[in-house]
Number of protein chains: 2
Amino acid sequence: MSVNLKQLAEALGISQTTVSRALNGFPEVSEKTRRKVLDMAQQLNYSPSPHAKKLATGKSKTIGHVVPQSDHMMINPLFSDFIAGAGETYSEAGYDMLMSIVPRDQEENTYYKLIASKRVDGMMVHAPLVNDTRIALLQKLNMPFVVHGRSADDDDSYTWLDVNNRRSFERATRLLIDLGHRRIGLLNGLESMTFAQRRRMGYLDALEDARIDADPGIMFSEDMMEPYGYRRMHELLKHKNPPTAVLCSSILPAMGALRAVQEAGLEPGRDVSLVTHDDMLSFLSNSGDIPMFTALRSSIKAAGERCAEMLIEAIENPQRDPTHELWETELVLGSSTGPPQRP
Amino acid sequence: MSVNLKQLAEALGISQTTVSRALNGFPEVSEKTRRKVLDMAQQLNYSPSPHAKKLATGKSKTIGHVVPQSDHMMINPLFSDFIAGAGETYSEAGYDMLMSIVPRDQEENTYYKLIASKRVDGMMVHAPLVNDTRIALLQKLNMPFVVHGRSADDDDSYTWLDVNNRRSFERATRLLIDLGHRRIGLLNGLESMTFAQRRRMGYLDALEDARIDADPGIMFSEDMMEPYGYRRMHELLKHKNPPTAVLCSSILPAMGALRAVQEAGLEPGRDVSLVTHDDMLSFLSNSGDIPMFTALRSSIKAAGERCAEMLIEAIENPQRDPTHELWETELVLGSSTGPPQRP
DNA sequence: AACCCAATTCAAACCGCTTTGAATTTTCGG
DNA sequence: CCGAAAATTCAAAGCGGTTTGAATTGGGTT
């Protein structure tokens, strides 16, 4: 059905060495020979054994993703959109994607094993924590990697791609303030992750700028899921001094919040304003002429694509310095915002 | 840092053969020797090279998933929940998961290449179509695989795990009929996929049983996304003869539908009844004492786990006959259903 | 002590590719 | 036409395991 290198070489009456070089584009093989080899390879349906190749070269053409199991870090759909983007890019570049889903307590060990056994040429790091040990480990092992997000602000010793979360939330908060809101709630993600911290800081920056005191009573930090948004919004609407606007860290709690608002018979954008960060999840599209939500928009799938490019770049040019990209979000006006109701 | 088999053998003063056999649990090695080998392996931090092992054995201990790119077949979050379940099981069993995200037109070729190059020991097939060529290909190549879903009803020539979609939707429809509804809308998934076809049949079964004529004007078949549910429900509410209840194929359009209902100032369960199939997506939990939606529930993550088990089983016992599991859904009463309003 | 059979252990071949260092063939100026 | 340099090609040695077939060791008999 298909042959190996040796058989191909025999069929051609040429040494394996030359055949191998012809196929891999080495310059010292004559064009005439190369053509013959390529033709015959095609004809005999030759395809090299990746295992043998990996063993011989020590390279695996594979990129690893380690995903902790009970995943509070990576909300499912965010993760899969990122994977979709990265995966396409890997395929185009001829890389395989190896995905390891392991219990949280085996996460580091999994990194270690994947690397020690040379199963991967590079790693993608998701959802960095404030003080992330994975980064230190990867640096120590000298393995190329890209972080989606950042750990500390000032650490440029590794390659990352991040959204300017702080600026983004500052803008959103400012928008609400400019509309006249003085009491703005925050439904943030889990603040053990750096992006959530930066979002809160942006929010606080804008409040401080407008000399509005932050009220911890209307600021929350939980997993970005639909019921979270619903529950908290429900509470907020009953608050003795309810916010007139709420800022959400993801479209999932935003939908929950919307549900609570509608259920209370209120109209979003008139009775309560909502702004959300929107990762452009394909199955929850917030689009249309006038989108449902006013949103800070940044495609997480595009981030996946770009991170993959950066990682492949880093793998193939190990000597290069780390690079960084800080993406600004797009602020899209939807129907969920408006000036506050005057009492 | 870590040694290979040869070095380990030298350190022990024993042949590689014996060391290899000791490590792999062959019976012909004496217990005394085995103990010495294991101890030394531990001490020298020996770990076998997977590449070498794959080359020598021809087995890859890897399971492949091929995902078409512009994925109308596999709604993102459904897919990732399934992956999460399968991935955990793979890890526990010592298998790697290889994920290929490729353009639709390269899908078959990708299967072929993964198999021909021996990169995988088995494949997981998602979202079977009515006449699915992947299944024929895998059977021809004699590669173990499991289908999540089924292609034709009567084909037991391969291993599958499916939800009893027909029965499930029949039950749901019957529930609505029993509540007094006579006009029931359907927001189905894309009917190029077999599961959606079966759901429609179940729905039609129940209608016919109750001698209710089906009305194609209130039956839809699209990608299971939030905006679909919103848009169609919005239309249905304006219909000259609007349905009093609507059946949704997934919680995503169900949420869209709910949004439309609430936006119209109606109360779900009183003014309009909604029933949905619920895959128990972790980030959209439809739980609580009284769940938001009356739902047909079946965990897609659990399906992923079980499919993975079945696949590993098939890989390790190639001679066994194909197995099948048809799961019944759980019918959970939520607050989104009630008798129709009497005019 | 000699012998046989079973239990262990081993040297070497093999999996399929890359790469080193040497050998062979071409090319070309003189 | 010759010899040296340049261009090609090749045999063999890895990469790090598994597995075959033979060799060695050990225990039990006579």
# chains A, B, ... in the order shown; residues from 1 in each chain; ligands from 1
>>> residues_around(residues="DC14 (chain C)", least_positions_apart="4", cutoff="12 Å", atoms="only C-alpha atoms (C1' of nucleotides)", output="compact mmCIF listing (two decimals) with N, CA and C atoms (P, O5', C5', C4', C3', O3' and C1' of nucleotides), in the first residue's frame")
# COMPACT_ATOMS: atom_id res chain seq x y z
N LEU B 55 8.03 3.59 17.41
CA LEU B 55 8.68 3.05 16.22
C LEU B 55 8.84 1.54 16.33
N ALA B 56 9.26 1.11 17.50
CA ALA B 56 9.52 -0.32 17.68
C ALA B 56 8.24 -1.14 17.72
N THR B 57 7.23 -0.61 18.37
CA THR B 57 6.02 -1.41 18.53
C THR B 57 4.99 -1.19 17.42
P DG D 17 14.77 4.45 25.73
O5' DG D 17 13.44 3.59 25.73
C5' DG D 17 13.47 2.21 25.51
C4' DG D 17 12.67 1.85 24.28
C3' DG D 17 12.29 0.38 24.21
O3' DG D 17 10.95 0.24 24.65
C1' DG D 17 13.33 1.10 22.17
P DT D 18 10.48 -1.22 25.12
O5' DT D 18 10.48 -2.09 23.77
C5' DT D 18 9.44 -1.88 22.82
C4' DT D 18 9.52 -2.95 21.75
C3' DT D 18 9.22 -4.37 22.24
O3' DT D 18 8.47 -4.99 21.21
C1' DT D 18 11.34 -4.32 21.22
P DT D 19 7.61 -6.31 21.45
O5' DT D 19 8.48 -7.40 20.68
C5' DT D 19 8.90 -7.14 19.35
C4' DT D 19 9.86 -8.23 18.90
C3' DT D 19 9.59 -9.61 19.51
O3' DT D 19 9.82 -10.57 18.50
C1' DT D 19 11.80 -9.00 19.93
P DT D 20 9.10 -11.99 18.61
O5' DT D 20 10.09 -12.87 17.72
C5' DT D 20 10.75 -12.27 16.61
C4' DT D 20 12.13 -12.88 16.44
C3' DT D 20 12.17 -14.39 16.72
O3' DT D 20 12.89 -15.02 15.69
C1' DT D 20 13.81 -13.26 18.01
>>> residues_around(residues="DA11 (chain C)", least_positions_apart="2", cutoff="10 Å", atoms="only C-alpha atoms (C1' of nucleotides)", output="list in words")
Ser15, Gln16 and Thr17 of chain B; DA13 of chain C; DA22 and DA23 of chain D
>>> write_last_selection(atoms="all heavy atoms", output="compact mmCIF listing (two decimals), in the first residue's frame")
# COMPACT_ATOMS: atom_id res chain seq x y z
N SER B 15 21.63 -7.14 30.43
CA SER B 15 21.36 -6.82 29.03
C SER B 15 20.11 -5.96 28.87
O SER B 15 19.22 -5.98 29.71
CB SER B 15 21.16 -8.10 28.24
OG SER B 15 19.86 -8.60 28.47
N GLN B 16 20.09 -5.22 27.78
CA GLN B 16 18.92 -4.39 27.50
C GLN B 16 17.66 -5.23 27.41
O GLN B 16 16.59 -4.83 27.86
CB GLN B 16 19.11 -3.67 26.16
CG GLN B 16 20.08 -2.52 26.19
CD GLN B 16 19.99 -1.70 24.91
OE1 GLN B 16 18.90 -1.47 24.39
NE2 GLN B 16 21.12 -1.26 24.39
N THR B 17 17.80 -6.37 26.80
CA THR B 17 16.65 -7.25 26.64
C THR B 17 15.97 -7.49 27.98
O THR B 17 14.76 -7.29 28.14
CB THR B 17 17.10 -8.61 26.10
OG1 THR B 17 17.87 -8.40 24.94
CG2 THR B 17 15.90 -9.47 25.78
P DA C 13 23.22 -9.02 13.78
OP1 DA C 13 24.01 -9.81 12.83
OP2 DA C 13 23.65 -7.66 14.18
O5' DA C 13 21.72 -8.97 13.25
C5' DA C 13 20.89 -10.12 13.41
C4' DA C 13 19.44 -9.70 13.33
O4' DA C 13 19.05 -9.08 14.59
C3' DA C 13 19.18 -8.63 12.25
O3' DA C 13 17.94 -8.94 11.62
C2' DA C 13 19.11 -7.34 13.04
C1' DA C 13 18.49 -7.80 14.34
N9 DA C 13 18.76 -6.95 15.50
C8 DA C 13 19.94 -6.35 15.84
N7 DA C 13 19.87 -5.64 16.95
C5 DA C 13 18.55 -5.79 17.36
C6 DA C 13 17.83 -5.29 18.45
N6 DA C 13 18.37 -4.50 19.39
N1 DA C 13 16.53 -5.64 18.56
C2 DA C 13 16.00 -6.43 17.61
N3 DA C 13 16.57 -6.96 16.54
C4 DA C 13 17.87 -6.59 16.48
P DA D 22 18.01 -20.43 16.93
OP1 DA D 22 18.21 -21.20 15.69
OP2 DA D 22 17.01 -20.87 17.93
O5' DA D 22 19.42 -20.26 17.66
C5' DA D 22 20.22 -19.10 17.39
C4' DA D 22 21.04 -18.80 18.63
O4' DA D 22 20.20 -18.16 19.63
C3' DA D 22 21.64 -20.04 19.30
O3' DA D 22 22.96 -19.73 19.71
C2' DA D 22 20.72 -20.29 20.48
C1' DA D 22 20.36 -18.85 20.86
N9 DA D 22 19.14 -18.70 21.64
C8 DA D 22 17.89 -19.20 21.36
N7 DA D 22 16.98 -18.89 22.25
C5 DA D 22 17.68 -18.14 23.19
C6 DA D 22 17.28 -17.52 24.38
N6 DA D 22 16.04 -17.56 24.86
N1 DA D 22 18.22 -16.84 25.09
C2 DA D 22 19.47 -16.80 24.61
N3 DA D 22 19.97 -17.34 23.50
C4 DA D 22 19.00 -18.01 22.82
P DA D 23 23.83 -20.86 20.36
OP1 DA D 23 25.12 -20.82 19.64
OP2 DA D 23 23.06 -22.12 20.47
O5' DA D 23 24.07 -20.27 21.81
C5' DA D 23 24.48 -18.91 21.95
C4' DA D 23 24.55 -18.59 23.43
O4' DA D 23 23.21 -18.50 23.97
C3' DA D 23 25.28 -19.66 24.25
O3' DA D 23 26.10 -19.01 25.20
C2' DA D 23 24.15 -20.43 24.91
C1' DA D 23 23.10 -19.33 25.10
N9 DA D 23 21.72 -19.79 25.16
C8 DA D 23 21.09 -20.67 24.31
N7 DA D 23 19.83 -20.88 24.62
C5 DA D 23 19.62 -20.10 25.74
C6 DA D 23 18.48 -19.88 26.54
N6 DA D 23 17.30 -20.46 26.33
N1 DA D 23 18.61 -19.04 27.59
C2 DA D 23 19.81 -18.46 27.81
N3 DA D 23 20.94 -18.58 27.12
C4 DA D 23 20.77 -19.42 26.08
>>> select_by_dssp(residues="region 205-332 of chain A", states="strand (DSSP E or B)", output="list in words")
Met219, Phe220, Ser221, Ala245, Val246, Leu247, Cys248, Pro268, Val272, Ser273, Leu274, Val275, Thr276, His277, Asp278, Thr294, Ala295, Leu296, Arg297, His324, Glu325, Leu326, Trp327, Glu330, Leu331 and Val332 of chain A
>>> interface_residues(of="chain A", to="chain B", cutoff="6 Å", atoms="only C-alpha atoms", output="list in words")
Ser49, His51, Ala52, Leu55, Pro77, Gly87, Glu88, Met97, Leu98, Met99, Ile101, Ser117, Met225, Glu226, Gln262, Phe283 and Leu284 of chain A
>>> write_last_selection(atoms="all heavy atoms", output="short mmCIF file (atom, residue, chain, number, x, y, z; two decimals), in the first residue's frame")
data_model
loop_
_atom_site.label_atom_id
_atom_site.label_comp_id
_atom_site.auth_asym_id
_atom_site.auth_seq_id
_atom_site.Cartn_x
_atom_site.Cartn_y
_atom_site.Cartn_z
N SER A 49 7.59 7.89 7.87
CA SER A 49 7.04 7.55 9.17
C SER A 49 7.35 8.64 10.18
O SER A 49 8.51 8.93 10.45
CB SER A 49 7.65 6.23 9.65
OG SER A 49 7.69 6.21 11.06
N HIS A 51 7.07 8.61 13.31
CA HIS A 51 7.75 8.11 14.50
C HIS A 51 9.24 8.03 14.27
O HIS A 51 10.05 8.47 15.08
CB HIS A 51 7.21 6.73 14.89
CG HIS A 51 5.77 6.74 15.22
ND1 HIS A 51 5.15 7.79 15.86
CD2 HIS A 51 4.81 5.82 14.99
CE1 HIS A 51 3.87 7.50 16.01
NE2 HIS A 51 3.63 6.33 15.48
N ALA A 52 9.59 7.45 13.14
CA ALA A 52 11.01 7.31 12.83
C ALA A 52 11.65 8.69 12.71
O ALA A 52 12.76 8.92 13.19
CB ALA A 52 11.17 6.54 11.53
N LEU A 55 12.14 10.18 16.08
CA LEU A 55 13.24 9.53 16.80
C LEU A 55 14.58 10.01 16.27
O LEU A 55 15.49 10.33 17.03
CB LEU A 55 13.12 8.02 16.64
CG LEU A 55 14.20 7.20 17.33
CD1 LEU A 55 14.23 7.51 18.82
CD2 LEU A 55 13.94 5.71 17.12
N PRO A 77 -16.25 27.35 26.73
CA PRO A 77 -16.37 27.86 25.36
C PRO A 77 -15.26 28.84 25.00
O PRO A 77 -14.87 28.91 23.84
CB PRO A 77 -17.73 28.54 25.36
CG PRO A 77 -18.06 28.79 26.78
CD PRO A 77 -17.38 27.73 27.56
N GLY A 87 -5.62 25.61 16.53
CA GLY A 87 -5.57 24.35 15.82
C GLY A 87 -5.49 24.52 14.31
O GLY A 87 -4.74 23.81 13.63
N GLU A 88 -6.24 25.44 13.78
CA GLU A 88 -6.18 25.69 12.34
C GLU A 88 -4.77 26.09 11.93
O GLU A 88 -4.23 25.61 10.93
CB GLU A 88 -7.13 26.83 11.96
CG GLU A 88 -8.58 26.46 12.09
CD GLU A 88 -9.51 27.64 11.78
OE1 GLU A 88 -9.06 28.60 11.13
OE2 GLU A 88 -10.68 27.59 12.20
N MET A 97 -1.43 18.91 17.25
CA MET A 97 -1.80 19.45 18.56
C MET A 97 -2.06 18.30 19.52
O MET A 97 -2.91 17.45 19.28
CB MET A 97 -3.05 20.30 18.43
CG MET A 97 -3.57 20.79 19.76
SD MET A 97 -4.70 22.19 19.58
CE MET A 97 -6.16 21.37 19.01
N LEU A 98 -1.33 18.29 20.60
CA LEU A 98 -1.49 17.26 21.62
C LEU A 98 -2.19 17.89 22.81
O LEU A 98 -1.73 18.89 23.35
CB LEU A 98 -0.12 16.73 22.03
CG LEU A 98 -0.08 15.66 23.11
CD1 LEU A 98 -0.85 14.44 22.66
CD2 LEU A 98 1.36 15.28 23.39
N MET A 99 -3.30 17.30 23.22
CA MET A 99 -4.05 17.92 24.29
C MET A 99 -4.11 16.98 25.48
O MET A 99 -4.54 15.83 25.35
CB MET A 99 -5.45 18.21 23.81
CG MET A 99 -6.03 19.36 24.50
SD MET A 99 -7.13 20.18 23.37
CE MET A 99 -8.62 19.97 24.27
N ILE A 101 -5.67 16.47 29.20
CA ILE A 101 -6.64 16.95 30.18
C ILE A 101 -6.40 16.19 31.47
O ILE A 101 -6.64 14.98 31.53
CB ILE A 101 -8.06 16.77 29.64
CG1 ILE A 101 -8.19 17.67 28.41
CG2 ILE A 101 -9.08 17.14 30.70
CD1 ILE A 101 -9.48 17.53 27.66
N SER A 117 10.03 13.79 27.69
CA SER A 117 9.96 12.70 26.73
C SER A 117 10.00 13.23 25.29
O SER A 117 9.80 12.47 24.36
CB SER A 117 8.68 11.90 26.95
OG SER A 117 7.55 12.71 26.71
N MET A 225 -19.87 32.33 34.53
CA MET A 225 -20.91 31.48 33.99
C MET A 225 -22.26 32.18 34.02
O MET A 225 -22.46 33.17 34.72
CB MET A 225 -20.95 30.19 34.79
CG MET A 225 -19.55 29.61 34.95
SD MET A 225 -19.52 27.85 35.14
CE MET A 225 -19.96 27.70 36.85
N GLU A 226 -23.17 31.64 33.28
CA GLU A 226 -24.48 32.28 33.15
C GLU A 226 -25.20 32.44 34.47
O GLU A 226 -25.67 33.54 34.80
CB GLU A 226 -25.34 31.46 32.15
CG GLU A 226 -26.46 32.24 31.51
CD GLU A 226 -27.75 32.16 32.31
OE1 GLU A 226 -27.83 31.38 33.29
OE2 GLU A 226 -28.70 32.90 31.97
N GLN A 262 -34.68 41.20 32.49
CA GLN A 262 -35.92 41.01 31.76
C GLN A 262 -36.98 40.37 32.65
O GLN A 262 -38.15 40.75 32.62
CB GLN A 262 -35.68 40.15 30.53
CG GLN A 262 -34.88 40.89 29.46
CD GLN A 262 -34.67 40.05 28.22
OE1 GLN A 262 -34.60 38.83 28.30
NE2 GLN A 262 -34.56 40.70 27.07
N PHE A 283 -21.14 30.86 18.87
CA PHE A 283 -22.48 30.31 19.07
C PHE A 283 -23.38 31.25 19.86
O PHE A 283 -24.51 30.96 20.15
CB PHE A 283 -22.39 28.98 19.79
CG PHE A 283 -21.66 29.09 21.08
CD1 PHE A 283 -22.34 29.28 22.25
CD2 PHE A 283 -20.27 29.03 21.10
CE1 PHE A 283 -21.67 29.40 23.43
CE2 PHE A 283 -19.59 29.15 22.28
CZ PHE A 283 -20.28 29.34 23.45
N LEU A 284 -22.80 32.37 20.28
CA LEU A 284 -23.57 33.31 21.08
C LEU A 284 -23.46 34.69 20.47
O LEU A 284 -23.37 35.68 21.17
CB LEU A 284 -23.00 33.40 22.50
CG LEU A 284 -23.29 32.29 23.50
CD1 LEU A 284 -22.61 32.62 24.81
CD2 LEU A 284 -24.78 32.14 23.70
#
>>> interface_residues(of="chain C", to="chain A", cutoff="6 Å", atoms="only C-alpha atoms (C1' of nucleotides)", output="ChimeraX atom specification")
/C:16-18
>>> interface_residues(of="chain D", to="chain A", cutoff="8 Å", atoms="only C-alpha atoms (C1' of nucleotides)", output="ChimeraX atom specification")
/D:7-10,15-16
>>> write_last_selection(atoms="all heavy atoms", output="CSV table (one decimal), in the first residue's frame")
chain,number,residue,atom,x,y,z
D,7,DA,P,30.3,23.7,-6.2
D,7,DA,OP1,29.5,24.8,-6.9
D,7,DA,OP2,30.5,23.7,-4.8
D,7,DA,O5',29.7,22.3,-6.7
D,7,DA,C5',29.8,21.9,-8.1
D,7,DA,C4',29.3,20.6,-8.3
D,7,DA,O4',30.2,19.5,-7.7
D,7,DA,C3',27.9,20.3,-7.5
D,7,DA,O3',27.1,19.6,-8.4
D,7,DA,C2',28.3,19.5,-6.3
D,7,DA,C1',29.5,18.7,-6.9
D,7,DA,N9,30.4,18.2,-5.9
D,7,DA,C8,31.0,18.8,-4.9
D,7,DA,N7,31.9,18.1,-4.2
D,7,DA,C5,31.8,16.9,-4.8
D,7,DA,C6,32.5,15.7,-4.6
D,7,DA,N6,33.4,15.6,-3.6
D,7,DA,N1,32.3,14.7,-5.4
D,7,DA,C2,31.4,14.8,-6.4
D,7,DA,N3,30.7,15.9,-6.7
D,7,DA,C4,31.0,16.9,-5.9
D,8,DT,P,25.5,19.5,-8.1
D,8,DT,OP1,24.6,19.9,-9.2
D,8,DT,OP2,25.2,20.0,-6.7
D,8,DT,O5',25.4,17.9,-8.0
D,8,DT,C5',26.1,17.2,-7.1
D,8,DT,C4',26.2,15.7,-7.5
D,8,DT,O4',27.4,15.3,-6.9
D,8,DT,C3',25.1,14.9,-6.8
D,8,DT,O3',24.7,13.9,-7.7
D,8,DT,C2',25.7,14.4,-5.5
D,8,DT,C1',27.2,14.3,-5.9
D,8,DT,N1,28.1,14.7,-4.7
D,8,DT,C2,29.0,13.8,-4.3
D,8,DT,O2,29.1,12.7,-4.9
D,8,DT,N3,29.8,14.2,-3.3
D,8,DT,C4,29.7,15.4,-2.6
D,8,DT,O4,30.5,15.6,-1.7
D,8,DT,C5,28.7,16.3,-3.1
D,8,DT,C7,28.6,17.7,-2.5
D,8,DT,C6,28.0,16.0,-4.1
D,9,DT,P,23.4,12.9,-7.2
D,9,DT,OP1,22.9,12.3,-8.5
D,9,DT,OP2,22.5,13.7,-6.3
D,9,DT,O5',24.2,11.8,-6.4
D,9,DT,C5',25.1,11.0,-7.1
D,9,DT,C4',25.7,10.0,-6.1
D,9,DT,O4',26.5,10.7,-5.2
D,9,DT,C3',24.7,9.2,-5.3
D,9,DT,O3',24.9,7.8,-5.6
D,9,DT,C2',25.0,9.5,-3.8
D,9,DT,C1',26.5,10.1,-3.9
D,9,DT,N1,26.8,11.1,-2.9
D,9,DT,C2,27.9,10.8,-2.1
D,9,DT,O2,28.6,9.8,-2.1
D,9,DT,N3,28.2,11.8,-1.1
D,9,DT,C4,27.5,13.0,-1.0
D,9,DT,O4,27.9,13.8,-0.1
D,9,DT,C5,26.4,13.2,-1.9
D,9,DT,C7,25.6,14.5,-1.8
D,9,DT,C6,26.1,12.3,-2.8
D,10,DC,P,24.0,6.8,-4.9
D,10,DC,OP1,23.8,5.6,-5.8
D,10,DC,OP2,22.8,7.4,-4.3
D,10,DC,O5',24.9,6.2,-3.7
D,10,DC,C5',26.2,5.8,-4.0
D,10,DC,C4',26.9,5.5,-2.7
D,10,DC,O4',27.2,6.7,-2.0
D,10,DC,C3',26.1,4.6,-1.7
D,10,DC,O3',26.9,3.5,-1.4
D,10,DC,C2',25.9,5.5,-0.5
D,10,DC,C1',27.1,6.5,-0.6
D,10,DC,N1,26.7,7.8,0.0
D,10,DC,C2,27.5,8.3,1.0
D,10,DC,O2,28.5,7.6,1.4
D,10,DC,N3,27.3,9.5,1.6
D,10,DC,C4,26.2,10.2,1.1
D,10,DC,N4,26.0,11.4,1.7
D,10,DC,C5,25.4,9.8,0.0
D,10,DC,C6,25.7,8.6,-0.5
D,15,DC,P,23.1,7.9,19.6
D,15,DC,OP1,23.7,9.2,20.1
D,15,DC,OP2,23.2,6.6,20.3
D,15,DC,O5',21.5,8.1,19.3
D,15,DC,C5',21.0,9.3,18.8
D,15,DC,C4',19.5,9.2,18.6
D,15,DC,O4',19.3,8.5,17.4
D,15,DC,C3',18.9,8.3,19.7
D,15,DC,O3',18.3,9.1,20.7
D,15,DC,C2',17.8,7.5,19.0
D,15,DC,C1',18.1,7.7,17.5
D,15,DC,N1,18.3,6.5,16.7
D,15,DC,C2,17.6,6.3,15.5
D,15,DC,O2,16.8,7.2,15.2
D,15,DC,N3,17.8,5.1,14.9
D,15,DC,C4,18.6,4.2,15.3
D,15,DC,N4,18.8,3.1,14.6
D,15,DC,C5,19.4,4.4,16.5
D,15,DC,C6,19.2,5.5,17.2
D,16,DG,P,18.7,8.7,22.3
D,16,DG,OP1,18.3,9.9,23.1
D,16,DG,OP2,20.0,8.2,22.4
D,16,DG,O5',17.7,7.5,22.5
D,16,DG,C5',16.3,7.8,22.5
D,16,DG,C4',15.5,6.5,22.6
D,16,DG,O4',15.8,5.7,21.4
D,16,DG,C3',16.0,5.6,23.7
D,16,DG,O3',14.8,5.0,24.3
D,16,DG,C2',16.8,4.5,23.0
D,16,DG,C1',16.0,4.4,21.7
D,16,DG,N9,16.8,3.7,20.7
D,16,DG,C8,18.1,3.6,20.5
D,16,DG,N7,18.5,3.0,19.4
D,16,DG,C5,17.3,2.6,18.9
D,16,DG,C6,17.0,1.8,17.7
D,16,DG,O6,17.8,1.3,16.9
D,16,DG,N1,15.6,1.6,17.5
D,16,DG,C2,14.7,2.1,18.3
D,16,DG,N2,13.4,1.9,17.9
D,16,DG,N3,14.9,2.9,19.4
D,16,DG,C4,16.2,3.0,19.6
>>> atom_distance(atom1="CA of Glu325 (chain B)", atom2="CA of Thr159 (chain B)")
8.5 Å
>>> select_by_dssp(residues="region 50-232 of chain A", states="alpha helix (DSSP H)", output="tab-separated table (two decimals) with C-alpha atoms, in the first residue's frame")
chain	number	residue	atom	x	y	z
A	50	PRO	CA	6.60	10.33	11.67
A	51	HIS	CA	7.75	8.11	14.50
A	52	ALA	CA	11.01	7.31	12.83
A	53	LYS	CA	11.46	10.92	11.92
A	54	LYS	CA	10.85	12.08	15.43
A	55	LEU	CA	13.24	9.53	16.80
A	56	ALA	CA	15.94	10.46	14.37
A	57	THR	CA	15.57	14.22	14.59
A	76	ASN	CA	-15.17	25.92	28.39
A	77	PRO	CA	-16.37	27.86	25.36
A	78	LEU	CA	-13.64	30.45	25.66
A	79	PHE	CA	-11.16	27.71	25.66
A	80	SER	CA	-12.58	25.92	22.68
A	81	ASP	CA	-12.70	29.02	20.55
A	82	PHE	CA	-9.06	29.60	21.30
A	83	ILE	CA	-8.26	26.00	20.47
A	84	ALA	CA	-10.13	26.25	17.21
A	85	GLY	CA	-8.04	29.22	16.16
A	86	ALA	CA	-4.76	27.74	17.27
A	87	GLY	CA	-5.57	24.35	15.82
A	88	GLU	CA	-6.18	25.69	12.34
A	89	THR	CA	-2.87	27.44	12.38
A	90	TYR	CA	-1.04	24.38	13.59
A	91	SER	CA	-2.48	22.24	10.83
A	92	GLU	CA	-1.53	24.73	8.16
A	107	GLU	CA	-0.64	19.77	35.81
A	108	GLU	CA	3.01	20.58	36.38
A	109	ASN	CA	4.04	17.00	36.24
A	110	THR	CA	2.32	16.69	32.89
A	111	TYR	CA	4.28	19.61	31.51
A	112	TYR	CA	7.41	18.02	32.79
A	113	LYS	CA	6.72	14.65	31.26
A	114	LEU	CA	5.65	15.98	27.89
A	115	ILE	CA	8.85	17.90	27.67
A	116	ALA	CA	11.24	15.35	29.11
A	133	THR	CA	4.79	28.30	38.32
A	134	ARG	CA	4.28	26.89	34.83
A	135	ILE	CA	6.16	29.79	33.33
A	136	ALA	CA	9.14	29.27	35.59
A	137	LEU	CA	9.14	25.58	34.80
A	138	LEU	CA	9.05	26.11	31.06
A	139	GLN	CA	11.83	28.64	31.26
A	140	LYS	CA	13.95	26.31	33.32
A	141	LEU	CA	13.42	23.47	30.87
A	165	ASN	CA	-7.83	44.48	29.85
A	166	ARG	CA	-7.13	47.38	32.10
A	167	ARG	CA	-7.56	50.01	29.44
A	168	SER	CA	-10.54	48.19	28.07
A	169	PHE	CA	-12.44	48.20	31.33
A	170	GLU	CA	-11.42	51.73	32.05
A	171	ARG	CA	-12.95	52.82	28.75
A	172	ALA	CA	-16.12	50.90	29.39
A	173	THR	CA	-16.49	52.36	32.84
A	174	ARG	CA	-15.81	55.81	31.54
A	175	LEU	CA	-18.47	55.35	28.89
A	176	LEU	CA	-20.99	54.59	31.58
A	177	ILE	CA	-19.84	57.55	33.66
A	178	ASP	CA	-20.10	59.80	30.65
A	194	THR	CA	-4.40	38.15	36.09
A	195	PHE	CA	-6.79	39.34	33.43
A	196	ALA	CA	-9.55	39.71	35.99
A	197	GLN	CA	-7.29	41.72	38.26
A	198	ARG	CA	-6.44	44.07	35.44
A	199	ARG	CA	-10.07	44.51	34.59
A	200	ARG	CA	-10.87	45.51	38.12
A	201	MET	CA	-8.01	47.97	38.10
A	202	GLY	CA	-9.28	49.57	34.93
A	203	TYR	CA	-12.72	49.83	36.44
A	204	LEU	CA	-11.31	51.38	39.61
A	205	ASP	CA	-9.12	53.76	37.60
A	206	ALA	CA	-12.14	55.21	35.87
A	207	LEU	CA	-14.14	55.49	39.05
A	208	GLU	CA	-11.34	57.23	40.84
A	209	ASP	CA	-10.85	59.55	37.95
A	226	GLU	CA	-24.48	32.28	33.15
A	227	PRO	CA	-26.04	31.53	36.53
A	228	TYR	CA	-23.52	33.77	38.23
A	229	GLY	CA	-24.72	36.74	36.19
A	230	TYR	CA	-28.33	35.89	36.82
A	231	ARG	CA	-27.99	35.45	40.55
A	232	ARG	CA	-25.93	38.53	41.19
>>> closest_residue(among="C:DT24, C:DA6, C:DA1, C:DT19", to="DG28 (chain D)", atoms="only C-alpha atoms (C1' of nucleotides)")
C:DA6
>>> residues_around(residues="Ala11 (chain B)", least_positions_apart="2", cutoff="12 Å", atoms="only C-alpha atoms (C1' of nucleotides)", output="JSON, numbers by chain")
{"B": [3, 4, 5, 6, 7, 8, 9, 13, 14, 15, 16, 19, 36, 37, 39, 40, 41, 43, 44, 46]}
